[in-house]
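Enquirer: Got model-v1.cif for you, mmCIF, C-alpha atoms:
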```
data_upload
#
loop_
_atom_site.label_atom_id
_atom_site.label_comp_id
_atom_site.auth_asym_id
_atom_site.auth_seq_id
_atom_site.Cartn_x
_atom_site.Cartn_y
_atom_site.Cartn_z
CA MET A 947 -11.75 104.20 113.75
CA SER A 948 -9.35 102.71 116.30
CA LEU A 949 -6.29 100.73 115.26
CA HIS A 950 -5.71 99.34 118.74
CA THR A 951 -4.72 95.67 118.63
CA GLU A 952 -3.14 93.13 120.97
CA LEU A 953 0.22 94.43 119.72
CA THR A 954 -0.46 98.00 120.80
CA ARG A 955 -1.71 96.74 124.16
CA LEU A 956 1.39 94.64 124.79
CA LEU A 957 3.96 97.15 123.54
CA GLY A 958 2.18 100.25 124.82
CA CYS A 959 2.31 102.11 121.49
CA ARG A 960 -0.53 103.97 119.77
CA TYR A 961 -0.35 102.24 116.40
CA PRO A 962 0.34 98.61 115.38
CA ILE A 963 3.45 99.53 113.41
CA VAL A 964 6.95 98.29 114.26
CA GLN A 965 10.25 99.71 113.02
CA THR A 966 12.66 96.82 112.67
CA ALA A 967 16.27 96.84 113.87
CA MET A 968 18.39 97.30 110.77
CA GLY A 969 22.10 97.08 111.51
CA TRP A 970 23.87 100.47 111.33
CA VAL A 971 20.50 102.14 110.59
CA ALA A 972 18.20 101.75 113.61
CA ASP A 973 19.97 104.22 115.88
CA ALA A 974 18.63 106.25 118.79
CA LYS A 975 17.45 109.11 116.53
CA LEU A 976 15.40 106.86 114.26
CA VAL A 977 13.94 104.86 117.15
CA ALA A 978 13.02 108.03 119.05
CA ALA A 979 11.30 109.47 115.99
CA THR A 980 9.39 106.22 115.57
CA SER A 981 8.32 106.03 119.19
CA ASN A 982 7.34 109.70 119.37
CA ALA A 983 5.15 109.24 116.26
CA GLY A 984 3.19 106.46 117.95
CA ALA A 985 4.81 103.33 116.51
CA PHE A 986 7.33 101.02 118.21
CA GLY A 987 11.05 101.08 117.38
CA PHE A 988 13.91 98.64 117.92
CA LEU A 989 17.54 99.64 118.45
CA ALA A 990 20.03 97.66 116.35
CA ALA A 991 22.32 96.48 119.16
CA ALA A 992 23.74 93.67 117.01
CA THR A 993 26.14 96.17 115.41
CA MET A 994 26.85 98.19 118.57
CA SER A 995 29.58 97.83 121.15
CA THR A 996 28.47 97.75 124.77
CA ALA A 997 29.47 101.39 125.24
CA GLN A 998 27.61 102.43 122.09
CA LEU A 999 24.46 100.63 123.20
CA GLU A 1000 24.64 102.14 126.66
CA GLN A 1001 24.89 105.62 125.10
CA ALA A 1002 22.08 104.88 122.63
CA ILE A 1003 19.76 103.81 125.44
CA ALA A 1004 20.64 106.94 127.41
CA ASP A 1005 19.95 109.10 124.34
CA LEU A 1006 16.62 107.36 123.81
CA ARG A 1007 15.57 107.79 127.40
CA ALA A 1008 16.20 111.51 127.00
CA ALA A 1009 14.54 111.84 123.59
CA THR A 1010 11.25 110.06 124.21
CA THR A 1011 8.97 109.08 127.06
CA ALA A 1012 7.79 106.06 125.07
CA ASN A 1013 9.04 102.52 125.50
CA PHE A 1014 11.32 100.94 122.89
CA GLY A 1015 12.94 97.65 121.97
CA VAL A 1016 16.46 96.26 121.53
CA ASN A 1017 17.59 93.75 118.91
CA PHE A 1018 20.59 91.43 119.31
CA HIS A 1019 21.82 87.93 118.54
CA MET A 1020 23.63 85.48 120.76
CA PHE A 1021 26.71 85.13 118.52
CA GLN A 1022 27.79 88.73 118.98
CA PRO A 1023 30.73 88.99 121.40
CA ASN A 1024 28.93 91.29 123.84
CA ALA A 1025 25.64 89.39 123.91
CA GLN A 1026 25.70 88.96 127.68
CA ASP A 1027 26.37 92.68 128.14
CA VAL A 1028 23.40 93.49 125.91
CA ILE A 1029 21.17 91.19 127.94
CA GLU A 1030 22.23 92.83 131.21
CA LEU A 1031 21.74 96.34 129.80
CA CYS A 1032 18.21 95.42 128.69
CA LEU A 1033 17.41 94.04 132.13
CA LYS A 1034 18.92 97.09 133.80
CA ASN A 1035 16.65 99.33 131.68
CA ARG A 1036 13.57 97.15 132.04
CA ASP A 1037 11.46 100.20 132.88
CA ARG A 1038 11.87 101.42 129.28
CA VAL A 1039 13.00 98.40 127.25
CA ARG A 1040 9.62 96.83 126.56
CA ALA A 1041 10.76 94.13 124.14
CA VAL A 1042 13.76 92.36 122.66
CA SER A 1043 13.92 91.00 119.14
CA TYR A 1044 16.33 88.47 117.71
CA GLY A 1045 16.93 85.91 114.99
CA ARG A 1046 19.57 83.64 116.43
CA GLY A 1047 18.09 84.03 119.83
CA PRO A 1048 18.70 83.18 123.46
CA ASP A 1049 17.92 79.86 125.09
CA ALA A 1050 14.82 79.19 127.16
CA LYS A 1051 16.59 80.14 130.41
CA THR A 1052 17.57 83.59 129.10
CA ILE A 1053 14.12 84.10 127.61
CA ARG A 1054 12.67 83.34 131.05
CA ARG A 1055 14.91 86.05 132.55
CA PHE A 1056 13.48 88.58 130.10
CA LYS A 1057 9.90 87.48 130.76
CA ASP A 1058 10.37 87.57 134.53
CA ALA A 1059 11.63 91.15 134.14
CA GLY A 1060 8.53 92.11 132.14
CA ILE A 1061 10.40 92.34 128.84
CA LEU A 1062 8.58 90.81 125.87
CA CYS A 1063 10.41 88.39 123.57
CA MET A 1064 9.66 89.08 119.90
CA PRO A 1065 11.78 87.00 117.49
CA THR A 1066 11.67 87.34 113.71
CA VAL A 1067 11.16 84.16 111.68
CA GLY A 1068 11.01 83.32 108.00
CA ALA A 1069 9.61 79.78 108.19
CA LEU A 1070 6.77 78.03 109.98
CA LYS A 1071 9.09 75.60 111.81
CA HIS A 1072 11.08 78.50 113.24
CA ALA A 1073 7.87 80.15 114.49
CA LEU A 1074 6.86 76.95 116.27
CA LYS A 1075 10.29 76.59 117.86
CA ALA A 1076 10.30 80.23 118.99
CA VAL A 1077 6.94 79.83 120.72
CA GLU A 1078 8.13 76.61 122.32
CA LEU A 1079 11.08 78.53 123.80
CA GLY A 1080 8.76 81.19 125.20
CA ALA A 1081 8.27 83.94 122.60
CA ASP A 1082 5.47 86.39 123.44
CA ILE A 1083 5.04 87.80 119.91
CA ILE A 1084 6.24 86.47 116.54
CA THR A 1085 7.30 88.68 113.64
CA VAL A 1086 6.85 86.80 110.37
CA GLN A 1087 8.97 88.05 107.47
CA GLY A 1088 8.09 86.84 103.99
CA ALA A 1089 10.53 86.46 101.13
CA GLU A 1090 9.92 90.03 99.93
CA GLY A 1091 11.67 91.36 103.01
CA GLY A 1092 15.18 92.77 103.07
CA GLY A 1093 18.36 91.37 104.54
CA HIS A 1094 18.37 87.72 105.57
CA THR A 1095 15.12 86.25 104.39
CA GLY A 1096 13.34 83.00 103.66
CA SER A 1097 11.78 81.76 100.45
CA VAL A 1098 8.05 81.84 101.27
CA PRO A 1099 6.07 84.97 100.29
CA THR A 1100 4.34 86.90 103.07
CA THR A 1101 0.87 86.06 101.78
CA LEU A 1102 1.57 82.33 102.18
CA LEU A 1103 3.73 82.36 105.31
CA LEU A 1104 1.55 84.71 107.36
CA PRO A 1105 -1.64 82.57 107.36
CA GLN A 1106 0.44 79.43 108.00
CA VAL A 1107 1.87 80.91 111.17
CA LEU A 1108 -1.42 82.50 112.24
CA ASP A 1109 -3.06 79.09 112.10
CA ALA A 1110 -0.24 77.39 114.00
CA VAL A 1111 0.49 79.65 116.99
CA LYS A 1112 -1.57 81.28 119.73
CA VAL A 1113 0.62 84.34 120.34
CA PRO A 1114 0.16 87.64 118.43
CA VAL A 1115 1.76 87.66 115.00
CA VAL A 1116 3.27 90.71 113.27
CA ALA A 1117 3.52 90.71 109.47
CA ALA A 1118 6.73 91.84 107.73
CA GLY A 1119 7.98 91.76 104.16
CA GLY A 1120 6.63 94.13 101.53
CA PHE A 1121 4.77 96.58 103.78
CA HIS A 1122 5.00 100.33 103.26
CA SER A 1123 1.48 101.78 103.23
CA GLY A 1124 -1.89 101.92 104.94
CA ARG A 1125 -3.26 99.43 102.45
CA GLY A 1126 -0.68 96.95 103.63
CA LEU A 1127 -1.55 97.55 107.29
CA ALA A 1128 -5.27 97.10 106.58
CA GLY A 1129 -4.53 93.92 104.64
CA ALA A 1130 -2.36 92.48 107.40
CA LEU A 1131 -5.05 93.15 109.99
CA ALA A 1132 -7.60 91.47 107.71
CA PHE A 1133 -5.33 88.40 107.57
CA GLY A 1134 -5.45 88.29 111.36
CA ALA A 1135 -2.07 89.83 112.15
CA ALA A 1136 -1.75 92.15 115.14
CA GLY A 1137 0.24 94.70 113.13
CA ILE A 1138 3.03 95.20 110.62
CA ALA A 1139 6.80 95.58 110.83
CA MET A 1140 8.81 97.60 108.30
CA GLY A 1141 12.52 98.02 107.75
CA THR A 1142 13.19 99.44 104.29
CA ARG A 1143 10.37 101.98 104.58
CA PHE A 1144 11.93 103.40 107.77
CA LEU A 1145 15.41 103.26 106.24
CA MET A 1146 14.04 105.57 103.53
CA THR A 1147 12.99 108.45 105.82
CA ALA A 1148 14.33 111.88 106.72
CA GLU A 1149 15.58 110.66 110.12
CA SER A 1150 17.52 107.74 108.65
CA PRO A 1151 21.26 108.00 109.39
CA VAL A 1152 22.14 106.47 106.02
CA PRO A 1153 24.29 108.83 103.89
CA ARG A 1154 22.52 110.49 100.98
CA ALA A 1155 24.74 108.82 98.38
CA THR A 1156 23.53 105.45 99.63
CA LEU A 1157 19.91 106.52 100.02
CA GLN A 1158 19.95 107.65 96.41
CA LYS A 1159 20.61 104.05 95.34
CA TYR A 1160 17.42 103.02 97.13
CA ILE A 1161 15.45 105.84 95.52
CA ASP A 1162 16.83 105.08 92.07
CA VAL A 1163 15.89 101.38 91.97
CA LYS A 1164 12.53 101.01 90.18
CA GLU A 1165 12.42 97.32 89.31
CA PRO A 1166 11.68 94.80 92.09
CA ALA A 1167 13.69 92.15 90.22
CA GLN A 1168 16.83 94.24 90.85
CA ILE A 1169 16.35 93.63 94.59
CA ARG A 1170 17.14 89.95 94.84
CA ALA A 1171 18.32 87.31 97.26
CA SER A 1172 21.92 86.13 97.06
CA THR A 1173 24.05 83.80 99.18
CA ALA A 1174 27.33 85.41 98.09
CA VAL A 1175 27.75 87.64 101.15
CA ASP A 1176 27.63 85.17 104.03
CA GLY A 1177 26.29 81.91 102.66
CA MET A 1178 22.68 82.60 103.66
CA PRO A 1179 19.98 84.09 101.39
CA GLN A 1180 20.06 87.84 101.82
CA ARG A 1181 17.96 90.24 99.75
CA MET A 1182 19.92 93.18 98.38
CA ILE A 1183 19.88 95.77 95.63
CA ASP A 1184 22.05 94.81 92.68
CA ASN A 1185 25.28 96.78 92.63
CA PRO A 1186 28.80 96.35 91.22
CA PHE A 1187 30.27 94.96 94.43
CA LEU A 1188 27.62 92.23 94.77
CA LEU A 1189 28.11 91.20 91.15
CA ARG A 1190 31.89 90.97 91.66
CA LEU A 1191 31.39 88.93 94.80
CA GLU A 1192 29.09 86.51 93.00
CA SER A 1193 31.39 86.08 90.03
CA GLY A 1194 34.66 85.92 91.99
CA GLY A 1195 34.51 82.27 93.00
CA LEU A 1196 35.04 80.59 96.35
CA VAL A 1197 38.66 81.69 96.86
CA HIS A 1198 37.76 85.33 96.33
CA ARG A 1199 34.80 85.06 98.70
CA LEU A 1200 36.93 83.48 101.41
CA PHE A 1201 39.54 86.23 101.03
CA VAL A 1202 36.81 88.86 101.47
CA ALA A 1203 35.43 86.89 104.42
CA LEU A 1204 38.77 86.76 106.23
CA SER A 1205 39.30 90.48 105.66
CA SER A 1206 35.81 91.21 106.97
CA ALA A 1207 36.30 88.99 110.00
CA TRP A 1208 39.46 90.89 110.95
CA LYS A 1209 37.73 94.27 110.57
CA TRP A 1210 34.72 93.03 112.56
CA ARG A 1211 37.06 91.81 115.30
CA ALA A 1212 38.60 95.28 115.51
CA HIS A 1213 35.14 96.91 115.70
CA THR A 1214 33.76 94.61 118.39
CA GLY A 1215 36.91 94.01 120.39
CA MET A 1216 36.41 90.28 119.93
CA SER A 1217 39.37 88.20 121.05
CA ILE A 1218 40.94 85.51 118.90
CA GLY A 1219 39.70 82.98 121.44
CA HIS A 1220 36.13 84.24 121.14
CA MET A 1221 36.36 84.09 117.34
CA VAL A 1222 37.38 80.44 117.55
CA LYS A 1223 34.66 79.70 120.11
CA THR A 1224 32.04 81.38 117.92
CA PHE A 1225 33.25 79.41 114.89
CA PHE A 1226 32.74 76.07 116.62
CA ALA A 1227 29.46 77.16 118.19
CA ALA A 1228 28.16 78.01 114.73
CA LEU A 1229 29.21 74.60 113.46
CA ARG A 1230 27.26 72.97 116.29
CA GLU A 1231 24.23 75.01 115.25
CA GLY A 1232 24.46 73.42 111.81
CA ASP A 1233 26.23 76.10 109.77
CA SER A 1234 28.79 74.91 107.26
CA ALA A 1235 32.44 75.85 107.85
CA ILE A 1236 32.48 78.17 104.83
CA GLN A 1237 29.26 79.89 105.90
CA THR A 1238 30.65 80.39 109.39
CA MET A 1239 33.83 81.94 108.00
CA MET A 1240 31.71 84.33 105.94
CA ALA A 1241 29.53 85.44 108.86
CA ALA A 1242 31.35 88.75 109.41
CA ASN A 1243 30.88 89.78 105.79
CA ALA A 1244 27.37 91.13 106.23
CA PRO A 1245 27.96 93.70 109.01
CA VAL A 1246 31.28 94.89 107.54
CA LEU A 1247 30.05 95.20 103.96
CA ILE A 1248 26.79 96.82 105.05
CA GLN A 1249 28.77 99.29 107.16
CA ARG A 1250 30.72 100.32 104.05
CA ALA A 1251 27.50 101.47 102.40
CA MET A 1252 25.33 102.50 105.35
CA VAL A 1253 27.90 104.31 107.49
CA GLU A 1254 30.77 105.24 105.20
CA GLY A 1255 28.49 106.27 102.33
CA LYS A 1256 30.20 104.15 99.66
CA PRO A 1257 27.31 102.15 98.19
CA ASP A 1258 29.30 100.69 95.30
CA GLU A 1259 31.95 99.28 97.65
CA GLY A 1260 29.54 97.48 100.00
CA VAL A 1261 26.13 95.81 99.90
CA LEU A 1262 22.65 97.30 100.08
CA PRO A 1263 20.20 95.12 102.04
CA SER A 1264 16.67 95.97 101.00
CA GLY A 1265 13.16 94.68 100.73
CA GLN A 1266 11.66 94.61 97.25
CA VAL A 1267 9.39 97.38 98.45
CA ALA A 1268 12.17 99.93 97.80
CA ALA A 1269 11.27 99.73 94.11
CA VAL A 1270 7.91 101.41 94.79
CA ILE A 1271 9.23 104.08 97.19
CA GLY A 1272 10.49 107.37 95.80
CA THR A 1273 10.33 109.77 98.74
CA LEU A 1274 12.04 110.32 102.10
CA PRO A 1275 9.29 111.64 104.38
CA SER A 1276 9.71 112.35 108.07
CA VAL A 1277 8.91 109.39 110.28
CA LYS A 1278 5.89 111.24 111.68
CA ASP A 1279 4.50 112.00 108.24
CA LEU A 1280 5.09 108.39 107.20
CA ILE A 1281 3.26 106.92 110.18
CA ASP A 1282 0.42 109.45 110.04
CA GLY A 1283 -0.07 108.67 106.35
CA ILE A 1284 -0.11 104.91 106.93
CA VAL A 1285 -2.58 105.22 109.80
CA ASN A 1286 -4.92 107.52 107.89
CA GLU A 1287 -4.90 105.31 104.82
CA ALA A 1288 -5.44 102.14 106.84
CA GLU A 1289 -8.39 103.66 108.67
CA ALA A 1290 -9.89 104.82 105.37
CA ARG A 1291 -9.47 101.40 103.73
CA LEU A 1292 -10.97 99.55 106.69
CA ALA A 1293 -13.89 101.98 106.89
CA ALA A 1294 -14.53 101.55 103.16
CA LEU A 1295 -14.83 97.78 103.53
CA ALA A 1296 -17.99 97.78 105.63
CA PRO A 1297 -20.44 99.03 102.98
CA CYS A 1298 -18.77 96.89 100.29
CA ILE A 1299 -19.26 93.54 102.01
CA SER A 1300 -22.50 91.66 102.33
CA LEU A 1301 -22.71 88.71 104.70
CA ASP A 1302 -26.19 87.75 103.47
CA THR A 1303 -26.00 84.04 102.60
CA THR A 1304 -29.64 83.68 101.59
CA ALA A 1305 -29.10 84.98 98.03
#
```
For the structure just supplied, provide its representation as C-alpha cells.
Expert:
Amino acid sequence: MSLHTELTRLLGCRYPIVQTAMGWVADAKLVAATSNAGAFGFLAAATMSTAQLEQAIADLRAATTANFGVNFHMFQPNAQDVIELCLKNRDRVRAVSYGRGPDAKTIRRFKDAGILCMPTVGALKHALKAVELGADIITVQGAEGGGHTGSVPTTLLLPQVLDAVKVPVVAAGGFHSGRGLAGALAFGAAGIAMGTRFLMTAESPVPRATLQKYIDVKEPAQIRASTAVDGMPQRMIDNPFLLRLESGGLVHRLFVALSSAWKWRAHTGMSIGHMVKTFFAALREGDSAIQTMMAANAPVLIQRAMVEGKPDEGVLPSGQVAAVIGTLPSVKDLIDGIVNEAEARLAALAPCISLDTTA
C-alpha cells in the first residue's frame, strides 16, 4: 500500500510525516535523521543565531540529500537574515514554517523562489488568515499538542479547517503512531506532524536527565496548559519550577521575565533599540504589555531544561502524548514502525466496511 499524498508530492518526501521545529531540539542531526528516514524535518531557526543557522544548514546539506524545512518567526532579531539564508539555499530548503509569520510580500518572495509556506495554526480563523496571505500548506495543531497551543481538540479543529480551506492540511496534536496517521488520512488530512514523539528519540539532542522526565510522566493530566511562562497558553509537563512560577504572583513573574529578556538579548545579540522596537511591535499586534515583557521567558526557560539538562530549573514543553510514550527509538525505527502500522490499519479497513445501502 502506498502512503503517497499531496504532502509527499509537494515536499518531496517518501512518507506523509513531518517533524516539527521544536526550539533547542530540532537541530541538524535530528532533521537529517528524519529526512534520511523518509519523513520531512524542520530546523528550529527561531532559537538560532544567524551563524548557528548557517552552520546547521551546511551540516544538513552534508548529512542528507533530501530537502528540509526551516522554522522562524518575524519577532526574532535576525528574522531578515533567516529569510535571506532560506532564499540562498532554495535548492534544498523546500518549505518554511512559522507561527507569527511574514507578511504577504515576504510570503510572495518565498513562493517565487519555489519555497513552500507552511504555517502552524491552532484556530480556524488563523487558518483562514494564513491561506489569505498565501500559505501553501496548513499545519493544524489541536489542544493536545505541546508548547503554545489552542483550546480546540484535534478531532474538532481538523475537520473544521479541512472544510474551510482548499490547500493541503497536516494534522498535529496527539499523534505518535501508525493508527494516528491512518486516522488523520481518513479525516482527509494530507499527513501528520509530530513534535514530542521526535523529541523522544535516540537522535534527540535533549540531555538524558530531561528526557527521563518525559519518560516518567504517565498521566496526561500532568501535561497541562499554563499561561505562567509568557502569558499565552503553553502545554508543559508539571514540574517544581512551573508550580513556583504559577504561585509566585505577578511581581515574581515580571522579575523572571526581565531576567529572561536580558539573557535572551545576550544570546541573540539583540540591541536595546531592537528590544524596544519589538516591544511596541508586539503591542500593535494586540499583545498586552505584560505578555510582551514575558515573551523571552519561553526560549530561556526551555533552554535551561533542553540544553543545560536541568529540568527542574526550567520548563518542559510537551504534548499530552508523552504520557503514552516510554521508549526512545531511533528516528528510522520510529518512522518505519508508524508507516508499517498505518499501512496495516488502512489495509484492514477494506474488508471491514460495507458500502451496500440496500440493506
Enquirer: When you draw a straight line from CA of Ala991 in chain A to CA of Thr1085 in chain A, how long is it in Å?
Expert: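 Taking CA of Ala991 in chain A as the start and CA of Thr1085 in chain A as the end point, the length is 17.8 Å.
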Enquirer: Convert the output of the PyMOL selection byres ((chain A and resi 1020) around 7) on the shown file into explicit residues, formatted as a list in words.
Expert: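 Those residues are Phe1018, His1019, Phe1021, Gln1022, Ala1025, Arg1046, Gly1047 and Pro1048 of chain A.
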Enquirer: Residues near range 1284-1289 of chain A, anyone? I mean within 7 Å using all atoms listed in the file, not counting same-chain ones fewer than 4 positions away, as a PyMOL selection string.
Expert: chain A and resi 947+1123-1125+1127-1128+1280+1293
Enquirer: Write out as a list in words each polymer residue whose atoms come within 9 Å of Lys975 in chain A, counting all atoms listed in the file; drop sequence neighbours fewer than 5 positions from it.
Expert: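 Residues near the query, excluding close chain neighbours: Thr980, Ala1002, Asp1005, Leu1006, Ala1009, Glu1149, Ser1150 and Pro1151 of chain A.
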Enquirer: Expressed in Å to a single decimal, how great is the separation between CA of Ala1089 in chain A and CA of Arg1143 in chain A?
Expert: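 Result for CA of Ala1089 in chain A versus CA of Arg1143 in chain A: 15.9 Å, one decimal.
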Enquirer: Translate the PyMOL selection byres ((chain A and resi 1037) around 12) into a concrete residue list for this structure, as an MDAnalysis selection string.
Expert: chainID A and resid 1003 1007 1011:1015 1031:1036 1038:1041 1059:1061
Enquirer: With the file shown as input, list the residues that the PyMOL selection byres ((chain A and resi 1066) around 8) selects, as number ranges by chain.
Expert: A: 1043-1045, 1064-1065, 1067-1068, 1084-1087
Enquirer: Dump C-alpha atoms for the selected residues as a PDB file, keeping the file's coordinate frame?
Expert:
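Once everything was written out, this is selection.pdb:
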```pdb
ATOM      1  CA  SER A1043      13.920  91.000 119.140  1.00  0.00           C
ATOM      2  CA  TYR A1044      16.330  88.470 117.710  1.00  0.00           C
ATOM      3  CA  GLY A1045      16.930  85.910 114.990  1.00  0.00           C
ATOM      4  CA  MET A1064       9.660  89.080 119.900  1.00  0.00           C
ATOM      5  CA  PRO A1065      11.780  87.000 117.490  1.00  0.00           C
ATOM      6  CA  VAL A1067      11.160  84.160 111.680  1.00  0.00           C
ATOM      7  CA  GLY A1068      11.010  83.320 108.000  1.00  0.00           C
ATOM      8  CA  ILE A1084       6.240  86.470 116.540  1.00  0.00           C
ATOM      9  CA  THR A1085       7.300  88.680 113.640  1.00  0.00           C
ATOM     10  CA  VAL A1086       6.850  86.800 110.370  1.00  0.00           C
ATOM     11  CA  GLN A1087       8.970  88.050 107.470  1.00  0.00           C
TER      12      GLN A1087
END
```
Enquirer: Distance CA of Leu957 in chain A-CA of Ser995 in chain A, one decimal place?
Expert: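 Between these atoms lies a distance of 25.7 Å.
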Enquirer: For the point (12.9, 107.9, 92.6) in the file's frame, write as a count of residues only all residues with an atom no more than 9 Å away, counting all atoms listed in the file.
Expert: 11
Enquirer: Find the residue from A:Ile1169, A:Ala1069, A:Val1028, A:Leu1079 that sits nearest to Gly1096 in chain A; use all atoms listed in the file when measuring.
Expert: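 The shortest atom-to-atom distance to Gly1096 in chain A comes from A:Ala1069.
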Enquirer: Which one of A:Ala1110, A:Met968, A:Gln1266, A:Leu1062 sits closest to Arg955 in chain A if you count all atoms listed in the file?
Expert: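 Under the stated criterion, the closest residue is A:Leu1062.
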Enquirer: How big is the axis-aligned box around the listed atoms of range 987-995 of chain A once 5 Å is added on each side, and where is its centre? Give both in Å to one decimal, as JSON.
Expert:
```
{"center_x": 20.3, "center_y": 97.4, "center_z": 118.3, "size_x": 28.5, "size_y": 17.4, "size_z": 15.7}
```
Enquirer: Pick from A:Ile1299, A:Gly987, A:Asn1017, A:Thr966: nearest to Gly1092 in chain A, with all atoms listed in the file counted?
Expert: A:Thr966
Enquirer: Which of these residues is nearest to Ala967 in chain A, using only C-alpha atoms: A:Thr1142, A:Thr1100, A:Thr951, A:Thr1095?
Expert: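 For Ala967 in chain A, the nearest of the candidates is A:Thr1142.
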Enquirer: Just checking: using all atoms listed in the file, which residue out of A:Ala1148, A:Pro1153, A:Ala1244, A:Ala1004 ends up closest to Ser1276 in chain A?
Expert: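 The answer is A:Ala1148, which sits nearest to Ser1276 in chain A.
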Enquirer: For range 1269-1281 of chain A, supply N, CA, C and O atoms and format the output as a compact mmCIF listing (two decimals), in the frame of the given file.
Expert:
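Final output, result-v8.txt:
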```
# COMPACT_ATOMS: atom_id res chain seq x y z
N ALA A 1269 11.53 99.41 95.52
CA ALA A 1269 11.27 99.73 94.11
C ALA A 1269 10.01 100.56 93.92
O ALA A 1269 9.82 101.14 92.84
N VAL A 1270 9.14 100.62 94.93
CA VAL A 1270 7.91 101.41 94.79
C VAL A 1270 7.93 102.62 95.72
O VAL A 1270 6.90 103.27 95.92
N ILE A 1271 9.09 102.92 96.30
CA ILE A 1271 9.23 104.08 97.19
C ILE A 1271 10.14 105.10 96.51
O ILE A 1271 11.24 104.77 96.08
N GLY A 1272 9.67 106.34 96.45
CA GLY A 1272 10.49 107.37 95.80
C GLY A 1272 10.66 108.62 96.62
O GLY A 1272 11.16 109.63 96.12
N THR A 1273 10.26 108.58 97.90
CA THR A 1273 10.33 109.77 98.74
C THR A 1273 10.97 109.42 100.08
O THR A 1273 11.03 108.26 100.49
N LEU A 1274 11.43 110.48 100.78
CA LEU A 1274 12.04 110.32 102.10
C LEU A 1274 11.29 111.21 103.08
O LEU A 1274 11.78 112.25 103.53
N PRO A 1275 10.08 110.81 103.47
CA PRO A 1275 9.29 111.64 104.38
C PRO A 1275 9.85 111.58 105.80
O PRO A 1275 10.68 110.73 106.13
N SER A 1276 9.39 112.48 106.65
CA SER A 1276 9.71 112.35 108.07
C SER A 1276 9.01 111.12 108.61
O SER A 1276 8.01 110.65 108.04
N VAL A 1277 9.54 110.57 109.68
CA VAL A 1277 8.91 109.39 110.28
C VAL A 1277 7.47 109.70 110.71
O VAL A 1277 6.57 108.88 110.51
N LYS A 1278 7.25 110.87 111.26
CA LYS A 1278 5.89 111.24 111.68
C LYS A 1278 4.94 111.29 110.50
O LYS A 1278 3.82 110.77 110.56
N ASP A 1279 5.36 111.92 109.42
CA ASP A 1279 4.50 112.00 108.24
C ASP A 1279 4.23 110.60 107.67
O ASP A 1279 3.12 110.30 107.22
N LEU A 1280 5.25 109.76 107.69
CA LEU A 1280 5.09 108.39 107.20
C LEU A 1280 4.03 107.65 108.01
O LEU A 1280 3.10 107.07 107.45
N ILE A 1281 4.18 107.67 109.33
CA ILE A 1281 3.26 106.92 110.18
C ILE A 1281 1.85 107.51 110.12
O ILE A 1281 0.86 106.77 110.03
```
